[in-house]
>>> print(open('my_file_22.txt').read())   # compact mmCIF, C-alpha atoms
# COMPACT_ATOMS: atom_id res chain seq x y z
CA MET A 152 25.28 -21.36 -9.41
CA ILE A 153 23.17 -18.48 -10.80
CA GLU A 154 21.55 -20.91 -13.25
CA ASN A 155 20.36 -23.16 -10.38
CA ARG A 156 18.99 -20.19 -8.44
CA THR A 157 17.25 -18.91 -11.56
CA GLU A 158 15.54 -22.30 -11.99
CA ASP A 159 14.54 -22.28 -8.31
CA TYR A 160 13.11 -18.78 -8.74
CA ARG A 161 11.24 -19.96 -11.85
CA GLU A 162 9.64 -22.80 -9.87
CA GLN A 163 8.84 -20.44 -6.99
CA LEU A 164 7.12 -18.06 -9.42
CA ILE A 165 5.07 -20.89 -10.93
CA SER A 166 4.00 -21.88 -7.42
CA LEU A 167 3.02 -18.29 -6.58
CA LEU A 168 1.06 -18.01 -9.84
CA ASN A 169 -0.77 -21.27 -9.21
CA ALA A 170 -1.75 -20.05 -5.72
CA TYR A 171 -2.95 -16.67 -7.02
CA THR A 172 -6.71 -16.03 -7.10
CA PRO A 173 -7.64 -13.56 -9.87
CA TYR A 174 -9.91 -10.64 -9.09
CA GLU A 175 -11.61 -10.43 -12.50
CA ALA A 176 -11.52 -11.97 -16.00
CA SER A 177 -8.66 -9.77 -17.27
CA ASP A 178 -6.65 -10.78 -14.23
CA GLU A 179 -7.32 -14.46 -14.96
CA LEU A 180 -6.20 -13.96 -18.55
CA SER A 181 -2.96 -12.31 -17.40
CA LYS A 182 -2.32 -15.20 -15.02
CA GLN A 183 -2.77 -17.74 -17.83
CA LYS A 184 -0.67 -15.75 -20.32
CA THR A 185 2.12 -15.54 -17.75
CA LEU A 186 2.04 -19.28 -17.06
CA ASP A 187 2.05 -19.94 -20.83
CA PHE A 188 5.00 -17.57 -21.31
CA ILE A 189 7.00 -19.34 -18.59
CA ALA A 190 6.17 -22.78 -20.02
CA SER A 191 7.25 -21.84 -23.54
CA ASN A 192 10.41 -19.81 -22.83
CA ASP A 193 13.73 -20.76 -21.28
CA VAL A 194 14.69 -17.12 -20.63
CA ILE A 195 12.04 -15.27 -18.63
CA TYR A 196 14.02 -13.00 -16.27
CA GLY A 197 16.10 -9.97 -17.13
CA THR A 198 15.82 -8.38 -20.57
CA LEU A 199 17.47 -10.97 -22.81
CA ASN A 200 14.28 -12.40 -24.33
CA PRO A 201 13.26 -9.99 -27.14
CA HIS A 202 9.63 -11.18 -27.06
CA GLY A 203 9.00 -10.43 -23.41
CA HIS A 204 10.03 -10.92 -19.82
CA ILE A 205 8.81 -11.15 -16.26
CA THR A 206 8.79 -7.79 -14.50
CA ALA A 207 8.22 -7.01 -10.82
CA SER A 208 6.18 -4.15 -9.38
CA SER A 209 4.77 -2.92 -6.11
CA TRP A 210 1.55 -1.33 -5.03
CA LEU A 211 3.26 0.81 -2.40
CA ILE A 212 0.91 1.98 0.33
CA ASN A 213 1.91 4.72 2.77
CA PHE A 214 2.32 3.94 6.46
CA ILE A 215 -1.19 5.27 7.22
CA GLY A 216 -2.72 3.06 4.53
CA ASP A 217 -4.72 5.68 2.62
CA SER A 218 -2.38 6.57 -0.27
CA VAL A 219 -0.27 4.85 -2.92
CA LEU A 220 3.05 6.09 -4.30
CA MET A 221 2.74 6.53 -8.05
CA THR A 222 5.36 7.40 -10.62
CA HIS A 223 4.94 9.44 -13.77
CA HIS A 224 6.97 7.14 -16.00
CA LYS A 225 9.34 8.99 -18.35
CA LYS A 226 9.30 6.55 -21.26
CA LEU A 227 5.61 5.65 -21.14
CA ASP A 228 4.28 9.09 -20.08
CA LEU A 229 1.78 7.47 -17.72
CA TRP A 230 1.10 7.47 -13.99
CA LEU A 231 1.83 3.92 -12.79
CA GLN A 232 2.90 1.81 -9.86
CA LEU A 233 6.62 1.43 -9.13
CA GLY A 234 8.43 -1.48 -10.75
CA GLY A 235 10.68 -2.74 -13.47
CA HIS A 236 12.88 -5.51 -14.77
CA THR A 237 13.86 -8.60 -12.84
CA GLU A 238 17.41 -9.84 -12.41
CA LEU A 239 18.65 -13.40 -12.90
CA ASN A 240 19.93 -13.70 -9.34
CA GLU A 241 16.76 -12.53 -7.55
CA SER A 242 13.44 -13.99 -6.56
CA ILE A 243 10.40 -12.14 -7.88
CA GLN A 244 9.87 -10.59 -4.42
CA GLN A 245 13.50 -9.45 -4.25
CA SER A 246 13.11 -7.83 -7.67
CA ALA A 247 9.92 -6.05 -6.60
CA MET A 248 11.54 -4.70 -3.43
CA ARG A 249 14.74 -3.66 -5.24
CA GLU A 250 12.76 -1.80 -7.92
CA THR A 251 10.62 -0.11 -5.27
CA ILE A 252 13.67 1.10 -3.34
CA GLU A 253 15.50 2.21 -6.51
CA GLU A 254 12.51 4.15 -7.86
CA SER A 255 11.42 5.74 -4.57
CA GLY A 256 14.55 6.10 -2.44
CA LEU A 257 12.45 4.77 0.46
CA LYS A 258 14.03 2.17 2.70
CA ALA A 259 11.53 1.59 5.51
CA LEU A 260 9.38 -0.86 3.53
CA ASP A 261 7.89 -4.28 4.13
CA PHE A 262 5.73 -6.75 2.24
CA VAL A 263 2.14 -6.80 3.43
CA ASP A 264 2.07 -10.32 1.99
CA ALA A 265 4.69 -12.37 0.12
CA GLU A 266 1.94 -13.65 -2.19
CA ILE A 267 1.12 -12.03 -5.53
CA PHE A 268 -1.19 -9.02 -5.23
CA ASP A 269 -1.88 -8.52 -8.94
CA ILE A 270 -0.76 -9.65 -12.39
CA ASP A 271 -0.87 -7.72 -15.64
CA VAL A 272 0.41 -8.51 -19.12
CA HIS A 273 0.91 -5.49 -21.35
CA GLU A 274 2.72 -4.63 -24.52
CA ILE A 275 5.65 -2.24 -24.43
CA PRO A 276 5.63 -0.23 -27.66
CA LEU A 277 8.39 -0.13 -30.26
CA ARG A 278 11.22 2.25 -29.43
CA LYS A 279 14.13 3.27 -31.62
CA ASN A 280 16.50 0.62 -30.22
CA GLN A 281 14.02 -2.00 -29.01
CA ALA A 282 11.25 -4.00 -30.69
CA SER A 283 7.82 -4.09 -29.11
CA HIS A 284 7.58 -6.83 -26.50
CA TYR A 285 5.49 -7.92 -23.52
CA HIS A 286 5.92 -7.39 -19.82
CA TYR A 287 4.47 -10.11 -17.62
CA ASP A 288 4.17 -7.92 -14.55
CA ILE A 289 3.97 -9.57 -11.12
CA ARG A 290 2.86 -7.09 -8.46
CA PHE A 291 3.21 -7.21 -4.69
CA LEU A 292 1.56 -5.22 -1.93
CA ILE A 293 4.24 -3.32 -0.01
CA ARG A 294 3.76 -0.86 2.83
CA GLN A 295 5.91 2.03 4.00
CA THR A 296 6.67 1.29 7.68
CA THR A 297 7.62 4.81 8.79
CA GLU A 298 7.11 8.24 7.32
CA GLU A 299 10.09 9.28 5.19
CA GLY A 300 10.55 11.37 2.06
CA PHE A 301 10.93 9.80 -1.35
CA THR A 302 13.55 10.55 -4.01
CA ILE A 303 12.69 10.77 -7.71
CA SER A 304 14.79 8.43 -9.84
CA ASP A 305 15.99 8.93 -13.42
CA GLU A 306 13.10 6.75 -14.64
CA SER A 307 10.42 9.15 -13.40
CA ASN A 308 9.22 12.61 -14.26
CA ALA A 309 7.57 12.75 -10.84
CA LEU A 310 6.54 10.71 -7.81
CA LYS A 311 3.40 11.44 -5.85
CA TRP A 312 1.52 10.00 -2.90
CA VAL A 313 -2.03 9.73 -4.21
CA LYS A 314 -5.09 9.12 -2.05
CA LEU A 315 -6.64 5.82 -3.08
CA THR A 316 -9.92 7.59 -3.73
CA GLU A 317 -8.17 9.95 -6.19
CA VAL A 318 -6.05 7.56 -8.29
CA ASN A 319 -8.63 7.69 -11.10
CA ARG A 320 -7.85 11.41 -11.53
CA LEU A 321 -4.32 10.50 -12.71
CA THR A 322 -5.03 7.38 -14.73
CA ASN A 323 -7.77 5.36 -16.35
CA GLN A 324 -5.51 2.30 -16.78
CA ARG A 325 -7.70 -0.64 -15.76
CA SER A 326 -4.80 -2.56 -14.24
CA VAL A 327 -4.07 0.37 -11.89
CA ILE A 328 -7.74 0.97 -11.01
CA ARG A 329 -8.09 -2.78 -10.32
CA MET A 330 -5.33 -2.55 -7.69
CA VAL A 331 -7.19 0.29 -5.96
CA GLU A 332 -10.36 -1.83 -5.93
CA LYS A 333 -8.50 -4.89 -4.62
CA TYR A 334 -6.75 -2.98 -1.87
CA LEU A 335 -9.98 -1.32 -0.70
CA TYR A 336 -11.82 -4.66 -0.82
CA LEU A 337 -9.10 -6.40 1.22
CA ASN A 338 -9.24 -3.66 3.85
CA GLU A 339 -13.04 -3.78 4.16
CA ARG A 340 -12.90 -7.39 5.34
>>> encode(input="my_file_22.txt", output="structure tokens")
Amino acid sequence: MIENRTEDYREQLISLLNAYTPYEASDELSKQKTLDFIASNDVIYGTLNPHGHITASSWLINFIGDSVLMTHHKKLDLWLQLGGHTELNESIQQSAMRETIEESGLKALDFVDAEIFDIDVHEIPLRKNQASHYHYDIRFLIRQTTEEGFTISDESNALKWVKLTEVNRLTNQRSVIRMVEKYLYLNER
């Protein structure tokens, strides 16, 4: 039963990727790399594939719409969006929402759109018990629906609501800055 659902979720992800319109050239490259990874690997969800896997993240906007919740990731020592590994028995959206709830403790959340907001492929460096590998990160735009306090998980050094205009003070990661630009562009229209 899980195998059939996993195949359905694979096809759903391919459909979402095909419908996704990249924002810039690096975004287009990540989309193509992700489609190539899916086409050439039987195992794409979870952590069983030692070469890489699909991950799910959220660009979590506060209920006012002017700030994003960022995590200072313990292992990577970077300020990033919330997210993490997928599970075999979840759709990509379910994984993104689960990871967002687990990493923030927030429960009053909703997808702004069920379509992909951003894609990024990045290498995870070698660690003592794990070879370097790639994350094919599928990101969704999620909004906090009421004001509530967050809870810092074991995966974070800190969580912080950051004004969209100040994200570049915490990070120069292009994939994070691109999400700021996309969100602001979408809200200007």
>>> closest_residue(input="my_file_22.txt", among="A:Glu332, A:Asp271, A:Glu339, A:Asp159", to="Tyr285 (chain A)", atoms="only C-alpha atoms")
A:Asp271
>>> atom_distance(input="my_file_22.txt", atom1="CA of Leu164 (chain A)", atom2="CA of Ile215 (chain A)")
29.8 Å
>>> closest_residue(input="my_file_22.txt", among="A:Gln295, A:Thr251, A:Thr237, A:Asn280", to="Gly197 (chain A)", atoms="only C-alpha atoms")
A:Thr237
>>> atom_distance(input="my_file_22.txt", atom1="CA of Gly300 (chain A)", atom2="CA of Leu315 (chain A)")
18.8 Å
>>> residues_around(input="my_file_22.txt", residues="region 200-207 of chain A", least_positions_apart="4", cutoff="9 Å", atoms="only C-alpha atoms", output="JSON, numbers by chain")
{"A": [185, 188, 189, 192, 193, 194, 195, 196, 233, 234, 235, 236, 237, 243, 244, 245, 246, 247, 248, 250, 274, 275, 281, 282, 283, 284, 285, 286, 287, 288, 289, 290, 291]}
>>> closest_residue(input="my_file_22.txt", among="A:Thr198, A:Gln232, A:Asn213, A:Gln324", to="Leu260 (chain A)", atoms="only C-alpha atoms")
A:Asn213
>>> residues_near_point(input="my_file_22.txt", point="(-0.7, -17.2, -7.1)", cutoff="12 Å", atoms="only C-alpha atoms", output="list in words")
Gln163, Leu164, Ile165, Ser166, Leu167, Leu168, Asn169, Ala170, Tyr171, Thr172, Pro173, Tyr174, Asp178, Glu179, Ser181, Lys182, Gln183, Thr185, Leu186, Asp264, Ala265, Glu266, Ile267, Phe268, Asp269, Ile270, Ile289, Arg290 and Phe291 of chain A
>>> atom_distance(input="my_file_22.txt", atom1="CA of Arg320 (chain A)", atom2="CA of Trp230 (chain A)")
10.1 Å
>>> closest_residue(input="my_file_22.txt", among="A:Leu310, A:Leu257, A:Ile212, A:Met221", to="Leu335 (chain A)", atoms="only C-alpha atoms")
A:Ile212
>>> closest_residue(input="my_file_22.txt", among="A:Thr296, A:Thr222, A:Ser208, A:Asn323", to="Asn308 (chain A)", atoms="all atoms listed in the file")
A:Thr222
>>> residues_around(input="my_file_22.txt", residues="Arg325 (chain A)", least_positions_apart="2", cutoff="12 Å", atoms="only C-alpha atoms", output="mmCIF file with C-alpha atoms, keeping the file's coordinate frame")
data_model
loop_
_atom_site.group_PDB
_atom_site.id
_atom_site.type_symbol
_atom_site.label_atom_id
_atom_site.label_comp_id
_atom_site.auth_asym_id
_atom_site.auth_seq_id
_atom_site.Cartn_x
_atom_site.Cartn_y
_atom_site.Cartn_z
ATOM 1 C CA GLU A 175 -11.610 -10.430 -12.500
ATOM 2 C CA ALA A 176 -11.520 -11.970 -16.000
ATOM 3 C CA SER A 177 -8.660 -9.770 -17.270
ATOM 4 C CA ASP A 178 -6.650 -10.780 -14.230
ATOM 5 C CA LEU A 231 1.830 3.920 -12.790
ATOM 6 C CA ASP A 269 -1.880 -8.520 -8.940
ATOM 7 C CA ILE A 270 -0.760 -9.650 -12.390
ATOM 8 C CA ASP A 271 -0.870 -7.720 -15.640
ATOM 9 C CA VAL A 272 0.410 -8.510 -19.120
ATOM 10 C CA HIS A 273 0.910 -5.490 -21.350
ATOM 11 C CA VAL A 318 -6.050 7.560 -8.290
ATOM 12 C CA ASN A 319 -8.630 7.690 -11.100
ATOM 13 C CA THR A 322 -5.030 7.380 -14.730
ATOM 14 C CA ASN A 323 -7.770 5.360 -16.350
ATOM 15 C CA VAL A 327 -4.070 0.370 -11.890
ATOM 16 C CA ILE A 328 -7.740 0.970 -11.010
ATOM 17 C CA ARG A 329 -8.090 -2.780 -10.320
ATOM 18 C CA MET A 330 -5.330 -2.550 -7.690
ATOM 19 C CA VAL A 331 -7.190 0.290 -5.960
ATOM 20 C CA GLU A 332 -10.360 -1.830 -5.930
ATOM 21 C CA LYS A 333 -8.500 -4.890 -4.620
#
>>> closest_residue(input="my_file_22.txt", among="A:Ser304, A:Glu299, A:Ile293, A:Leu337", to="His224 (chain A)", atoms="all atoms listed in the file")
A:Ser304
>>> decode(input="my_file_22.txt", residues="region 154-225 of chain A", atoms="C-alpha atoms", output="short mmCIF file (atom, residue, chain, number, x, y, z; two decimals), in the first residue's frame")
data_model
loop_
_atom_site.label_atom_id
_atom_site.label_comp_id
_atom_site.auth_asym_id
_atom_site.auth_seq_id
_atom_site.Cartn_x
_atom_site.Cartn_y
_atom_site.Cartn_z
CA GLU A 154 4.56 1.60 -2.34
CA ASN A 155 1.50 2.59 -4.41
CA ARG A 156 1.09 5.86 -2.51
CA THR A 157 4.79 6.60 -2.93
CA GLU A 158 4.45 6.13 -6.71
CA ASP A 159 1.37 8.38 -6.72
CA TYR A 160 3.33 11.01 -4.78
CA ARG A 161 6.20 10.67 -7.25
CA GLU A 162 3.84 11.34 -10.17
CA GLN A 163 2.24 14.24 -8.31
CA LEU A 164 5.68 15.77 -7.72
CA ILE A 165 6.60 15.41 -11.40
CA SER A 166 3.35 17.17 -12.30
CA LEU A 167 4.07 19.99 -9.84
CA LEU A 168 7.60 20.36 -11.21
CA ASN A 169 6.37 20.47 -14.80
CA ALA A 170 3.88 23.21 -13.86
CA TYR A 171 6.51 25.26 -12.01
CA THR A 172 7.75 28.47 -13.66
CA PRO A 173 11.33 29.28 -12.60
CA TYR A 174 12.20 32.78 -11.43
CA GLU A 175 15.78 32.84 -12.73
CA ALA A 176 18.40 30.64 -14.43
CA SER A 177 19.58 28.96 -11.21
CA ASP A 178 15.98 28.11 -10.43
CA GLU A 179 15.55 26.58 -13.90
CA LEU A 180 18.70 24.51 -13.38
CA SER A 181 17.41 23.23 -10.02
CA LYS A 182 14.10 22.28 -11.64
CA GLN A 183 15.88 20.30 -14.36
CA LYS A 184 18.30 18.63 -11.92
CA THR A 185 15.34 17.57 -9.77
CA LEU A 186 13.46 16.10 -12.74
CA ASP A 187 16.65 14.28 -13.82
CA PHE A 188 17.15 12.92 -10.29
CA ILE A 189 13.58 11.60 -10.17
CA ALA A 190 13.91 10.02 -13.63
CA SER A 191 17.15 8.22 -12.78
CA ASN A 192 16.40 7.02 -9.23
CA ASP A 193 13.84 4.58 -7.86
CA VAL A 194 14.26 5.85 -4.29
CA ILE A 195 13.74 9.61 -4.01
CA TYR A 196 11.89 10.08 -0.70
CA GLY A 197 13.18 9.58 2.81
CA THR A 198 16.92 9.19 3.43
CA LEU A 199 17.64 5.76 1.95
CA ASN A 200 19.33 6.97 -1.25
CA PRO A 201 22.96 7.80 -0.30
CA HIS A 202 23.38 10.10 -3.32
CA GLY A 203 20.49 12.41 -2.54
CA HIS A 204 16.82 12.79 -1.83
CA ILE A 205 13.82 15.06 -2.18
CA THR A 206 13.38 17.39 0.78
CA ALA A 207 10.46 19.67 1.62
CA SER A 208 10.65 23.21 2.97
CA SER A 209 8.46 26.21 3.64
CA TRP A 210 8.83 29.92 3.23
CA LEU A 211 6.75 30.66 6.32
CA ILE A 212 5.27 34.15 6.32
CA ASN A 213 3.75 35.65 9.47
CA PHE A 214 0.03 36.43 9.61
CA ILE A 215 0.69 40.11 8.79
CA GLY A 216 2.75 39.17 5.74
CA ASP A 217 5.87 41.23 6.43
CA SER A 218 8.21 38.68 8.06
CA VAL A 219 9.49 35.16 7.49
CA LEU A 220 10.33 32.61 10.19
CA MET A 221 13.96 31.57 9.81
CA THR A 222 15.93 28.92 11.64
CA HIS A 223 19.58 28.97 12.58
CA HIS A 224 20.30 25.39 11.56
CA LYS A 225 22.47 23.50 14.07
#
